[in-house]
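Asker: Structure file target.cif (mmCIF, C-alpha atoms) right here:
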```cif
data_work
loop_
_atom_site.label_atom_id
_atom_site.label_comp_id
_atom_site.auth_asym_id
_atom_site.auth_seq_id
_atom_site.Cartn_x
_atom_site.Cartn_y
_atom_site.Cartn_z
CA MET M 1 56.18 -17.35 -80.79
CA THR M 2 56.86 -18.78 -84.26
CA GLU M 3 60.50 -17.81 -83.83
CA HIS M 4 60.70 -19.83 -80.62
CA ILE M 5 59.15 -22.83 -82.32
CA LYS M 6 61.61 -22.48 -85.20
CA ASN M 7 64.51 -22.32 -82.76
CA ILE M 8 63.31 -25.40 -80.90
CA ILE M 9 62.87 -27.35 -84.14
CA ASN M 10 66.32 -26.31 -85.34
CA LEU M 11 67.96 -27.35 -82.08
CA LEU M 12 66.07 -30.63 -82.11
CA LYS M 13 67.14 -31.22 -85.71
CA LYS M 14 70.73 -30.56 -84.72
CA ASP M 15 70.53 -33.13 -81.92
CA LEU M 16 68.92 -35.71 -84.19
CA LEU M 17 71.48 -35.07 -86.93
CA LEU M 18 74.36 -35.43 -84.49
CA GLU M 19 72.82 -38.65 -83.24
CA ILE M 20 72.53 -40.02 -86.77
CA ARG M 21 76.08 -38.99 -87.69
CA GLN M 22 77.87 -40.06 -84.53
CA GLN M 23 75.59 -42.94 -83.56
CA TYR M 24 77.17 -42.78 -80.16
CA THR M 25 74.38 -42.46 -77.61
CA PHE M 26 71.90 -44.59 -79.46
CA TYR M 27 74.03 -47.68 -79.98
CA GLY M 28 75.74 -47.25 -76.61
CA VAL M 29 72.43 -47.23 -74.79
CA LEU M 30 71.07 -49.95 -77.03
CA LEU M 31 73.95 -52.22 -76.08
CA TYR M 32 73.31 -51.37 -72.43
CA VAL M 33 69.62 -52.26 -72.81
CA VAL M 34 70.27 -55.56 -74.53
CA SER M 35 72.99 -56.69 -72.15
CA THR M 36 71.12 -55.75 -68.95
CA ILE M 37 67.97 -57.50 -70.07
CA PHE M 38 70.01 -60.52 -71.13
CA VAL M 39 71.71 -60.65 -67.72
CA LEU M 40 68.28 -60.36 -66.10
CA TYR M 41 67.05 -63.25 -68.21
CA LEU M 42 70.06 -65.37 -67.24
CA SER M 43 69.54 -64.70 -63.54
CA MET M 44 65.75 -64.59 -63.32
CA GLY M 45 64.46 -66.79 -66.13
CA GLN M 46 60.84 -65.97 -66.82
CA PRO M 47 59.35 -64.44 -63.67
CA GLU M 48 55.75 -63.95 -62.53
CA GLY M 49 53.73 -60.81 -63.25
CA PRO M 50 54.58 -58.62 -60.21
CA VAL M 51 58.31 -59.41 -60.44
CA TRP M 52 58.27 -58.83 -64.21
CA LYS M 53 56.61 -55.47 -63.72
CA GLY M 54 59.01 -54.40 -60.96
CA LEU M 55 62.05 -55.43 -62.99
CA PHE M 56 60.74 -53.61 -66.06
CA TRP M 57 60.43 -50.28 -64.26
CA MET M 58 63.77 -50.62 -62.51
CA ILE M 59 65.47 -51.31 -65.84
CA GLN M 60 63.69 -48.31 -67.35
CA LEU M 61 65.14 -46.18 -64.57
CA PHE M 62 68.71 -47.30 -65.25
CA ILE M 63 68.29 -46.99 -69.02
CA CYS M 64 67.00 -43.46 -68.53
CA VAL M 65 69.98 -42.43 -66.40
CA ASN M 66 72.35 -43.70 -69.06
CA ALA M 67 70.46 -42.36 -72.05
CA VAL M 68 69.90 -38.87 -70.70
CA ALA M 69 73.23 -38.32 -68.89
CA LYS M 70 75.12 -37.42 -72.06
CA SER M 71 72.69 -34.80 -73.29
CA PHE M 72 74.38 -31.89 -71.51
CA LEU M 73 77.82 -33.32 -70.88
CA GLN M 74 78.54 -33.68 -74.58
CA GLU M 75 78.19 -29.92 -75.14
CA GLY M 76 81.33 -27.98 -74.34
CA ARG M 77 81.28 -24.59 -72.64
CA GLY M 78 81.81 -22.62 -75.78
CA ARG M 79 79.14 -24.44 -77.71
CA LEU M 80 76.61 -23.96 -74.91
CA LEU M 81 77.32 -20.25 -74.91
CA TYR M 82 76.70 -20.19 -78.64
CA PHE M 83 73.33 -21.93 -78.32
CA TYR M 84 72.22 -19.60 -75.56
CA SER M 85 73.15 -16.55 -77.58
CA ILE M 86 71.29 -17.65 -80.70
CA ALA M 87 68.30 -19.37 -79.16
CA GLY M 88 67.85 -18.53 -75.45
CA ALA M 89 67.73 -20.84 -72.47
CA ARG M 90 64.04 -21.80 -72.63
CA ASP M 91 64.20 -22.91 -76.26
CA PHE M 92 67.33 -24.86 -75.51
CA ILE M 93 65.90 -26.80 -72.54
CA LEU M 94 62.65 -27.46 -74.46
CA SER M 95 64.57 -28.94 -77.38
CA LYS M 96 66.56 -31.12 -74.98
CA LEU M 97 63.39 -32.27 -73.21
CA LEU M 98 61.85 -33.16 -76.57
CA PHE M 99 64.92 -34.99 -77.80
CA ASN M 100 65.31 -37.01 -74.61
CA ALA M 101 61.61 -37.81 -74.54
CA LEU M 102 61.91 -39.14 -78.09
CA LEU M 103 65.03 -41.14 -77.20
CA MET M 104 63.36 -42.66 -74.14
CA LEU M 105 60.23 -43.42 -76.15
CA VAL M 106 62.29 -45.50 -78.56
CA MET M 107 64.28 -47.11 -75.75
CA SER M 108 61.14 -47.97 -73.75
CA LEU M 109 59.55 -49.66 -76.73
CA LEU M 110 62.75 -51.53 -77.57
CA SER M 111 63.24 -52.73 -74.01
CA LEU M 112 59.58 -53.75 -73.82
CA ALA M 113 60.04 -55.83 -76.96
CA LEU M 114 63.17 -57.41 -75.49
CA PHE M 115 61.41 -58.08 -72.19
CA LEU M 116 58.57 -59.81 -74.02
CA PHE M 117 61.07 -61.80 -76.09
CA MET M 118 63.36 -62.92 -73.26
CA LEU M 119 61.45 -62.72 -69.99
CA GLY M 120 58.17 -63.98 -71.38
CA ASN M 121 54.76 -62.35 -71.41
CA PRO M 122 52.77 -62.58 -68.16
CA MET M 123 50.29 -59.89 -69.25
CA GLY M 124 46.70 -60.14 -70.28
CA HIS M 125 46.39 -56.74 -71.96
CA GLU M 126 49.62 -55.82 -73.76
CA GLY M 127 48.05 -52.81 -75.48
CA TYR M 128 47.61 -50.92 -72.21
CA PHE M 129 51.15 -51.71 -71.16
CA ILE M 130 52.63 -50.35 -74.41
CA LEU M 131 50.87 -47.04 -73.77
CA ILE M 132 51.90 -46.95 -70.11
CA SER M 133 55.53 -47.73 -70.90
CA CYS M 134 55.57 -44.85 -73.43
CA LEU M 135 54.14 -42.53 -70.79
CA GLY M 136 56.61 -43.86 -68.22
CA GLY M 137 59.62 -43.45 -70.48
CA VAL M 138 58.70 -39.86 -71.28
CA SER M 139 58.01 -39.02 -67.62
CA LEU M 140 61.35 -40.44 -66.47
CA SER M 141 63.19 -38.60 -69.24
CA LEU M 142 61.72 -35.27 -68.09
CA VAL M 143 63.05 -35.68 -64.53
CA PHE M 144 66.47 -36.81 -65.64
CA THR M 145 66.88 -34.16 -68.35
CA PHE M 146 66.57 -31.45 -65.73
CA LEU M 147 68.88 -33.30 -63.36
CA ALA M 148 71.40 -33.84 -66.16
CA ALA M 149 71.46 -30.08 -66.66
CA LEU M 150 72.02 -29.58 -62.92
CA ALA M 151 74.76 -32.21 -62.78
CA ALA M 152 76.48 -30.82 -65.87
CA ARG M 153 76.50 -27.32 -64.37
CA ALA M 154 77.93 -28.71 -61.14
CA GLN M 155 80.67 -30.27 -63.28
CA GLN M 156 79.85 -33.71 -62.00
CA GLY M 157 79.14 -36.79 -63.98
CA ALA M 158 76.29 -39.25 -64.12
CA ALA M 159 76.95 -40.39 -60.55
CA LEU M 160 75.56 -37.17 -59.12
CA MET M 161 72.55 -37.47 -61.39
CA ALA M 162 71.75 -40.87 -59.93
CA ILE M 163 72.15 -39.61 -56.36
CA LEU M 164 69.83 -36.66 -56.97
CA GLY M 165 67.43 -38.47 -59.21
CA PHE M 166 66.58 -41.69 -57.43
CA PRO M 167 64.70 -40.11 -54.53
CA LEU M 168 62.94 -37.75 -56.95
CA VAL M 169 61.61 -40.46 -59.26
CA ILE M 170 60.28 -42.78 -56.53
CA PRO M 171 56.79 -41.22 -56.64
CA GLN M 172 56.65 -41.61 -60.41
CA LEU M 173 57.89 -45.18 -60.30
CA MET M 174 55.35 -46.05 -57.59
CA LEU M 175 52.55 -44.54 -59.68
CA LEU M 176 53.72 -46.27 -62.87
CA ASN M 177 54.01 -49.60 -61.10
CA ARG M 178 50.51 -49.23 -59.73
CA VAL M 179 49.00 -48.03 -62.99
CA SER M 180 50.57 -50.87 -64.94
CA THR M 181 48.51 -53.41 -63.01
CA ILE M 182 45.81 -52.59 -65.60
CA ALA M 183 47.71 -54.72 -68.07
CA PHE M 184 48.02 -57.69 -65.70
CA GLU M 185 44.63 -58.06 -64.08
CA ASP M 186 41.11 -58.26 -65.36
CA VAL M 187 39.68 -56.83 -62.16
CA LEU M 188 40.39 -53.11 -62.06
CA GLN M 189 41.47 -51.37 -58.88
CA GLY M 190 39.79 -48.13 -57.91
CA GLY M 191 41.56 -44.81 -58.35
CA LEU M 192 43.55 -45.74 -61.47
CA GLY M 193 42.11 -42.86 -63.46
CA TRP M 194 43.24 -40.48 -60.75
CA MET M 195 46.73 -41.94 -60.79
CA LEU M 196 47.00 -41.47 -64.56
CA ALA M 197 45.81 -37.89 -64.13
CA ILE M 198 48.47 -37.31 -61.47
CA LEU M 199 51.17 -38.80 -63.71
CA PHE M 200 50.20 -36.32 -66.42
CA GLY M 201 50.04 -33.57 -63.84
CA LEU M 202 53.55 -34.42 -62.64
CA ASP M 203 54.83 -34.26 -66.21
CA VAL M 204 53.31 -30.82 -66.66
CA LEU M 205 54.80 -29.71 -63.33
CA LEU M 206 58.24 -30.98 -64.35
CA ILE M 207 58.15 -29.17 -67.70
CA ALA M 208 57.01 -25.97 -65.98
CA LEU M 209 59.79 -26.23 -63.38
CA ALA M 210 62.39 -26.88 -66.07
CA LEU M 211 61.22 -23.82 -68.01
CA ILE M 212 61.22 -21.60 -64.93
CA LEU M 213 64.45 -22.78 -63.35
CA PHE M 214 66.71 -23.53 -66.33
CA PRO M 215 67.41 -19.86 -67.20
CA PHE M 216 68.97 -19.54 -63.72
CA LEU M 217 71.13 -22.59 -64.29
CA TRP M 218 73.08 -21.59 -67.35
CA LYS M 219 74.09 -18.10 -66.20
CA ASP M 220 77.69 -17.92 -65.07
CA MET B 1 67.15 -10.48 -37.51
CA LEU B 2 64.80 -11.19 -34.65
CA ARG B 3 67.19 -10.54 -31.80
CA GLN B 4 64.54 -10.07 -29.20
CA THR B 5 63.87 -12.10 -26.10
CA TRP B 6 60.09 -12.04 -25.82
CA TRP B 7 59.44 -14.72 -28.44
CA LYS B 8 62.07 -17.00 -26.93
CA ILE B 9 60.38 -16.78 -23.52
CA LEU B 10 57.05 -17.39 -25.29
CA CYS B 11 58.58 -20.46 -26.98
CA VAL B 12 59.69 -21.94 -23.64
CA LEU B 13 56.29 -21.24 -22.08
CA LEU B 14 54.41 -22.79 -25.01
CA LEU B 15 56.59 -25.90 -24.98
CA ALA B 16 56.20 -26.20 -21.19
CA TYR B 17 52.44 -26.00 -21.74
CA THR B 18 52.70 -28.61 -24.49
CA VAL B 19 54.71 -31.05 -22.39
CA ILE B 20 52.77 -30.59 -19.13
CA GLY B 21 49.36 -30.32 -20.80
CA GLY B 22 50.32 -33.09 -23.19
CA PHE B 23 51.29 -35.62 -20.59
CA LEU B 24 48.86 -34.69 -17.79
CA GLY B 25 45.90 -33.14 -19.62
CA PRO B 26 42.67 -34.97 -20.32
CA VAL B 27 42.40 -36.99 -23.53
CA PRO B 28 39.45 -38.95 -24.91
CA ALA B 29 39.71 -42.70 -24.33
CA LYS B 30 39.70 -44.11 -27.85
CA PRO B 31 40.11 -47.75 -28.76
CA ILE B 32 43.53 -48.92 -29.99
CA VAL B 33 45.27 -45.53 -29.60
CA ASN B 34 44.38 -45.11 -25.88
CA GLU B 35 46.99 -42.93 -24.19
CA THR B 36 49.33 -42.90 -27.21
CA ILE B 37 47.07 -40.19 -28.63
CA ARG B 38 49.27 -37.78 -26.65
CA ASN B 39 51.89 -38.30 -29.35
CA LEU B 40 49.73 -36.01 -31.51
CA TYR B 41 51.34 -33.01 -29.77
CA PHE B 42 54.79 -34.18 -30.80
CA HIS B 43 54.48 -36.22 -34.01
CA VAL B 44 51.97 -34.12 -35.93
CA ALA B 45 53.48 -30.83 -34.73
CA MET B 46 56.85 -31.95 -36.19
CA TRP B 47 55.31 -32.13 -39.69
CA PHE B 48 53.69 -28.74 -39.31
CA SER B 49 57.03 -27.21 -38.32
CA MET B 50 58.85 -29.07 -41.11
CA MET B 51 56.49 -27.69 -43.75
CA VAL B 52 56.93 -24.17 -42.33
CA PHE B 53 60.74 -24.38 -42.40
CA LEU B 54 60.93 -25.93 -45.86
CA THR B 55 58.56 -23.27 -47.18
CA VAL B 56 60.71 -20.51 -45.66
CA SER B 57 63.79 -22.18 -47.15
CA ALA B 58 62.20 -22.26 -50.62
CA VAL B 59 61.17 -18.60 -50.30
CA TYR B 60 64.76 -17.62 -49.51
CA ALA B 61 65.94 -19.75 -52.44
CA ILE B 62 63.58 -17.82 -54.75
CA ARG B 63 64.84 -14.55 -53.27
CA TYR B 64 68.40 -15.66 -53.94
CA LEU B 65 67.64 -16.46 -57.58
CA ARG B 66 65.91 -13.13 -58.10
CA ARG B 67 68.77 -11.17 -56.60
CA PRO B 68 71.91 -13.13 -55.64
CA ASN B 69 72.81 -12.27 -52.08
CA HIS B 70 75.00 -14.50 -49.97
CA VAL B 71 72.98 -13.97 -46.78
CA ASP B 72 69.80 -15.28 -48.41
CA ASP B 73 71.65 -18.47 -49.31
CA ILE B 74 72.70 -18.99 -45.68
CA TYR B 75 69.09 -18.47 -44.56
CA SER B 76 67.84 -20.91 -47.18
CA LEU B 77 70.35 -23.60 -46.23
CA GLU B 78 69.82 -23.29 -42.48
CA TYR B 79 66.02 -23.35 -42.73
CA ALA B 80 66.27 -26.41 -44.97
CA LYS B 81 68.48 -28.08 -42.35
CA ALA B 82 65.94 -27.26 -39.62
CA GLY B 83 63.20 -28.72 -41.80
CA ILE B 84 65.25 -31.87 -42.33
CA VAL B 85 65.84 -32.28 -38.57
CA PHE B 86 62.14 -31.81 -37.77
CA GLY B 87 61.11 -34.12 -40.60
CA THR B 88 63.47 -36.82 -39.38
CA LEU B 89 62.09 -36.39 -35.84
CA GLY B 90 58.59 -36.64 -37.31
CA LEU B 91 59.52 -39.94 -38.95
CA ILE B 92 61.00 -41.28 -35.69
CA THR B 93 58.06 -40.21 -33.50
CA GLY B 94 55.65 -41.55 -36.12
CA SER B 95 57.41 -44.88 -36.31
CA GLU B 96 57.33 -45.12 -32.50
CA TRP B 97 53.60 -44.37 -32.48
CA ALA B 98 52.98 -46.91 -35.23
CA GLY B 99 54.87 -49.54 -33.25
CA PHE B 100 52.44 -49.29 -30.34
CA THR B 101 49.20 -48.88 -32.27
CA TRP B 102 49.50 -50.53 -35.69
CA GLY B 103 51.74 -53.33 -34.44
CA ALA B 104 54.91 -52.59 -36.41
CA PHE B 105 57.42 -49.76 -36.34
CA TRP B 106 57.45 -49.71 -40.12
CA SER B 107 54.31 -50.82 -41.89
CA ASN B 108 54.79 -49.52 -45.46
CA ASP B 109 51.98 -47.08 -44.97
CA PRO B 110 51.81 -44.72 -47.99
CA LYS B 111 52.26 -41.67 -45.81
CA GLN B 112 55.31 -43.21 -44.12
CA LEU B 113 56.75 -43.95 -47.56
CA GLY B 114 55.97 -40.44 -48.78
CA ALA B 115 57.65 -38.88 -45.76
CA MET B 116 60.69 -41.10 -46.20
CA ILE B 117 60.95 -40.12 -49.90
CA ALA B 118 60.64 -36.44 -48.99
CA MET B 119 63.46 -36.79 -46.50
CA LEU B 120 65.64 -38.62 -49.04
CA ILE B 121 65.06 -35.79 -51.54
CA TYR B 122 66.24 -33.25 -48.97
CA TYR B 123 69.22 -35.35 -47.86
CA ALA B 124 70.21 -35.33 -51.54
CA TYR B 125 70.03 -31.51 -51.38
CA LEU B 126 72.72 -31.47 -48.69
CA VAL B 127 74.89 -33.99 -50.57
CA PHE B 128 74.50 -31.99 -53.78
CA ARG B 129 75.55 -28.74 -52.12
CA ASN B 130 78.60 -30.29 -50.51
CA GLY B 131 79.78 -31.57 -53.87
CA MET B 132 80.55 -28.10 -55.21
CA PRO B 133 83.58 -26.13 -54.06
CA ASP B 134 82.64 -22.82 -55.73
CA ILE B 135 80.53 -20.73 -53.32
CA ASP B 136 78.44 -18.82 -55.89
CA LYS B 137 77.75 -21.86 -58.00
CA ARG B 138 76.85 -23.86 -54.89
CA ALA B 139 74.40 -21.19 -53.81
CA ARG B 140 72.76 -20.87 -57.23
CA LEU B 141 72.48 -24.56 -58.06
CA GLY B 142 71.46 -25.28 -54.47
CA ALA B 143 68.64 -22.75 -54.76
CA VAL B 144 67.48 -24.30 -58.04
CA TYR B 145 67.45 -27.80 -56.55
CA ASN B 146 65.75 -26.50 -53.39
CA ILE B 147 62.83 -25.08 -55.38
CA PHE B 148 62.63 -28.27 -57.45
CA ALA B 149 62.60 -30.40 -54.28
CA PHE B 150 59.97 -28.19 -52.66
CA ALA B 151 57.69 -28.58 -55.69
CA MET B 152 58.12 -32.35 -55.52
CA LEU B 153 57.04 -32.36 -51.86
CA PHE B 154 53.42 -31.74 -52.80
CA PRO B 155 52.86 -34.88 -54.84
CA THR B 156 54.83 -37.07 -52.43
CA LEU B 157 53.35 -35.81 -49.16
CA TRP B 158 49.97 -34.34 -49.99
CA ILE B 159 48.59 -36.01 -53.11
CA LEU B 160 49.89 -39.58 -53.44
CA PRO B 161 49.09 -40.81 -49.89
CA ARG B 162 45.51 -39.59 -50.26
CA LEU B 163 44.85 -41.78 -53.27
CA VAL B 164 45.42 -45.13 -51.63
CA GLU B 165 44.32 -46.83 -48.47
CA SER B 166 46.26 -45.55 -45.53
CA LEU B 167 46.31 -46.04 -41.80
CA HIS B 168 46.94 -42.33 -41.51
CA PRO B 169 44.03 -39.90 -41.56
CA GLY B 170 43.25 -38.51 -45.00
CA GLY B 171 43.68 -41.71 -47.01
CA LEU B 172 40.93 -43.83 -48.50
CA GLY B 173 40.36 -46.24 -45.58
CA GLY B 174 38.73 -44.74 -42.53
CA ASN B 175 40.99 -43.07 -40.00
CA PRO B 176 38.90 -40.08 -38.96
CA ALA B 177 41.37 -38.51 -36.46
CA PHE B 178 40.82 -34.78 -36.87
CA LYS B 179 37.18 -35.04 -37.84
CA ASP B 180 36.09 -35.80 -34.29
CA SER B 181 38.97 -34.12 -32.51
CA ASP B 182 38.49 -33.28 -28.88
CA PRO B 183 38.33 -29.53 -28.07
CA ARG B 184 40.57 -30.03 -25.00
CA MET B 185 43.21 -31.62 -27.20
CA ALA B 186 42.83 -28.98 -29.91
CA ALA B 187 43.68 -26.32 -27.32
CA VAL B 188 47.01 -27.94 -26.48
CA PHE B 189 47.75 -28.83 -30.11
CA TRP B 190 46.97 -25.51 -31.80
CA GLY B 191 47.66 -23.32 -28.78
CA GLY B 192 50.85 -24.96 -27.58
CA ALA B 193 52.45 -27.61 -29.74
CA VAL B 194 52.37 -26.15 -33.27
CA PRO B 195 53.51 -22.58 -32.44
CA GLY B 196 55.86 -23.86 -29.72
CA TRP B 197 57.79 -26.28 -31.92
CA CYS B 198 57.85 -23.77 -34.80
CA LEU B 199 59.35 -21.12 -32.53
CA LEU B 200 61.92 -23.59 -31.21
CA GLY B 201 63.00 -24.40 -34.75
CA VAL B 202 63.25 -20.71 -35.65
CA TRP B 203 65.30 -20.13 -32.51
CA ILE B 204 67.75 -22.90 -33.39
CA THR B 205 67.96 -21.68 -36.99
CA THR B 206 68.59 -18.04 -36.09
CA LEU B 207 71.37 -19.09 -33.73
CA ARG B 208 72.97 -21.14 -36.50
CA ILE B 209 72.60 -18.30 -39.00
CA ARG B 210 74.23 -15.86 -36.57
CA LEU B 211 77.08 -18.28 -35.99
CA LYS B 212 77.62 -18.65 -39.73
CA LEU B 213 77.51 -14.92 -40.37
CA LEU B 214 80.03 -14.35 -37.57
CA ALA B 215 82.31 -17.03 -39.00
CA GLU B 216 82.12 -15.39 -42.43
CA LYS B 217 82.86 -11.98 -40.97
CA LYS B 218 85.90 -13.33 -39.19
CA LEU B 219 87.14 -15.05 -42.34
CA SER B 220 86.72 -11.91 -44.44
CA ASN B 221 88.68 -9.85 -41.90
CA ILE B 222 91.81 -11.96 -42.13
#
```
The structure given in the file should be rewritten as structure tokens.
Answerer:
Amino acid sequence: MTEHIKNIINLLKKDLLLEIRQQYTFYGVLLYVVSTIFVLYLSMGQPEGPVWKGLFWMIQLFICVNAVAKSFLQEGRGRLLYFYSIAGARDFILSKLLFNALLMLVMSLLSLALFLFMLGNPMGHEGYFILISCLGGVSLSLVFTFLAALAARAQQGAALMAILGFPLVIPQLMLLNRVSTIAFEDVLQGGLGWMLAILFGLDVLLIALALILFPFLWKD
Amino acid sequence: MLRQTWWKILCVLLLAYTVIGGFLGPVPAKPIVNETIRNLYFHVAMWFSMMVFLTVSAVYAIRYLRRPNHVDDIYSLEYAKAGIVFGTLGLITGSEWAGFTWGAFWSNDPKQLGAMIAMLIYYAYLVFRNGMPDIDKRARLGAVYNIFAFAMLFPTLWILPRLVESLHPGGLGGNPAFKDSDPRMAAVFWGGAVPGWCLLGVWITTLRIRLKLLAEKKLSNI
């Protein structure tokens, strides 16, 4: 058990170190975030609450596709083989899930700050929305990490990931959009607690599926 | 393989019972739905069959992952295709029913949305498979995606629509449907429609599987 944890931490450290040294994904995605939100601001101005919310989640979706796509494509065949032989498939996918969740956490918070700065603040309770956007970013990253692994094994780029991923994330996006009404309205809808519980449940399901199915993916 | 005739004759008899009993049999006169309630034998039975076929497809996908065997992959793919056809028919019959009872062919009902999402997920399965030229890789990655898609069916079809108000039965608003179902209708539905449509789907799928296996055999002989 402790060995697995050590492996995961080492792999995570390696990813973080590469990120700090190359500064490729982070600044690339950051530029993408800033320019998309700026284009949105130019075309939409400062929209009302429901539009703001819808735009925010759609932008999160596109940011996630771009941020997560590289995580498996950057590793060559030989290097992947090396990781599998020293750490095993489950440790590897867990470290990737963790890294991408961290990356999306940062990106969600940054894009939220940019949204508030450029598209205005139609919310009444920002605190709730910060928490929900963290949860949303992590949930989206879990789906797309697994799909990035699938797409990388199929030797296809980010386009395939988008084709596979968009239908799969609709339930999550619908839930997130509904849950985030907490931040906009004083009157609470019924069933929000259940929706949060289901979002968490979905995350657990996704992690479990990734752990079960990933060992079958990397075998050649 | 089930190369026997008795269940095919049974299938035809059950479907004849469904169609004749469905269109001519007695139904309770309920407000709004009136005679459209006969669509129950077609629309709801489609979803039952779809779930059966997609489950069988996922089971064959799991079998393939446990022990790679090309025949299991063909079974998995063909059952998934049958499930997709029945699901699409379920969407069409449902939309038709909605048009005459709820006033619009598409009314953004959560269950309609869930069904549409489920179908999109499975269409993506077919697109994904076609994108890979290598047979073994296609089979393995297809099986992985199939299991993933099957797991995602439960939140989209069974959990999410139940949390919000829906015109369908099972949601928060009140559409009681099955709670006060008529015993005469239950006989046609459970005795004819559900097993009949399931058998028809199995029949179609086994024919397609046999065709594929024959094609493979011919190719390998050249």
Asker: Which residues would end up in the selection if the PyMOL selection byres ((chain M) within 8 of (chain B)) were applied here, given that I need the answer as a list of chain:residue names?
Answerer: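 What the PyMOL selection byres ((chain M) within 8 of (chain B)) grabs from the file is M:Leu150, M:Arg153, M:Ala154, M:Leu160, M:Ile163, M:Leu164, M:Pro167, M:Leu168, M:Ile170, M:Pro171, M:Gly191, M:Trp194, M:Met195, M:Leu202, M:Leu209, M:Leu213, M:Phe216, M:Leu217.
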Asker: Closest to Phe86 (chain B) among B:Ile37, B:Val59, B:Leu126, B:Ala45, using all atoms listed in the file?
Answerer: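 Of all the options, B:Ala45 lies closest to Phe86 (chain B).
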Asker: Evaluate the PyMOL selection byres ((chain M and resi 56-67) around 7) on the structure here and hand back the selected residues as a list in words.
Answerer: Thr25, Val29, Val33, Trp52, Lys53, Gly54, Leu55, Val68, Ala69, Lys70, Met104, Ser108, Leu140, Ser141, Phe144, Ala162 and Leu173 of chain M
Asker: Which residues fall under the PyMOL selection byres ((chain B and resi 76) around 9) in this file, as number ranges by chain?
Answerer: B: 54, 56-61, 64, 71-75, 77-81, 143, 146
Asker: So that I can see what lies close to Val194 (chain B), please list as a VMD selection string the residues with an atom at most 10 Å from it, counting all atoms listed in the file and leaving out residues fewer than 3 positions away in the same chain.
Answerer: chain B and resid 14 to 15 18 41 to 42 44 to 49 188 to 191 197 to 199
Asker: Just checking: using all atoms listed in the file, which residue out of B:Ala139, B:Leu91, B:Leu219, B:Ala82 ends up closest to His43 (chain B)?
Answerer: B:Leu91
Asker: At what distance in Å, to one decimal, does CA of Ala152 (chain M) lie from CA of Ile86 (chain M)?
Answerer: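 We find that CA of Ile86 (chain M) and CA of Ala152 (chain M) lie 20.5 Å from each other.
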Asker: Could you tell me which of B:Leu40, B:Thr206, B:Val52, B:Asp182 comes closest to Gln4 (chain B) if we count only C-alpha atoms?
Answerer: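 Looking only at the distances to Gln4 (chain B), the closest residue turns out to be B:Thr206.
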Asker: Under the rule that only C-alpha atoms are counted, which of M:Leu40, M:Ile182, M:Met107, M:Ala159 is the nearest residue to Gly137 (chain M)?
Answerer: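 For Gly137 (chain M), the nearest of the candidates is M:Met107.
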Asker: What gap, in Å, lies between CA of Gly124 (chain M) and CA of Gly193 (chain M)?
Answerer: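 Going from CA of Gly124 (chain M) over to CA of Gly193 (chain M) covers 19.1 Å.
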Asker: Hey, what's within 12 Å of Thr36 (chain B) if we count all atoms listed in the file and toss same-chain stuff fewer than 2 positions away? As a JSON list (two decimals) with C-alpha atoms, in the coordinates of the input, please?
Answerer:
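Result written to out01.json:
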```json
[["chain", "number", "residue", "atom", "x", "y", "z"],
["B", 22, "GLY", "CA", 50.32, -33.09, -23.19],
["B", 23, "PHE", "CA", 51.29, -35.62, -20.59],
["B", 27, "VAL", "CA", 42.40, -36.99, -23.53],
["B", 28, "PRO", "CA", 39.45, -38.95, -24.91],
["B", 29, "ALA", "CA", 39.71, -42.70, -24.33],
["B", 30, "LYS", "CA", 39.70, -44.11, -27.85],
["B", 31, "PRO", "CA", 40.11, -47.75, -28.76],
["B", 32, "ILE", "CA", 43.53, -48.92, -29.99],
["B", 33, "VAL", "CA", 45.27, -45.53, -29.60],
["B", 34, "ASN", "CA", 44.38, -45.11, -25.88],
["B", 38, "ARG", "CA", 49.27, -37.78, -26.65],
["B", 39, "ASN", "CA", 51.89, -38.30, -29.35],
["B", 40, "LEU", "CA", 49.73, -36.01, -31.51],
["B", 41, "TYR", "CA", 51.34, -33.01, -29.77],
["B", 42, "PHE", "CA", 54.79, -34.18, -30.80],
["B", 43, "HIS", "CA", 54.48, -36.22, -34.01],
["B", 93, "THR", "CA", 58.06, -40.21, -33.50],
["B", 94, "GLY", "CA", 55.65, -41.55, -36.12],
["B", 96, "GLU", "CA", 57.33, -45.12, -32.50],
["B", 97, "TRP", "CA", 53.60, -44.37, -32.48],
["B", 98, "ALA", "CA", 52.98, -46.91, -35.23],
["B", 99, "GLY", "CA", 54.87, -49.54, -33.25],
["B", 100, "PHE", "CA", 52.44, -49.29, -30.34],
["B", 101, "THR", "CA", 49.20, -48.88, -32.27],
["B", 102, "TRP", "CA", 49.50, -50.53, -35.69]]
```
Asker: What is the CA of Pro110 (chain B) to CA of Ser166 (chain B) distance in Å?
Answerer: 6.1 Å
Asker: So which one's closest to Cys11 (chain B), B:Met50, B:Ala193, B:Met185, B:Val85? Using all atoms listed in the file, please.
Answerer: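 Among the listed residues, the smallest separation from Cys11 (chain B) belongs to B:Ala193.
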Asker: So, with all atoms listed in the file as the atoms that count, which of M:Ser95, M:Ser35, M:Asn7, M:Asn177 lies closest to Ser71 (chain M)?
Answerer: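 Under the stated criterion, the closest residue is M:Ser95.
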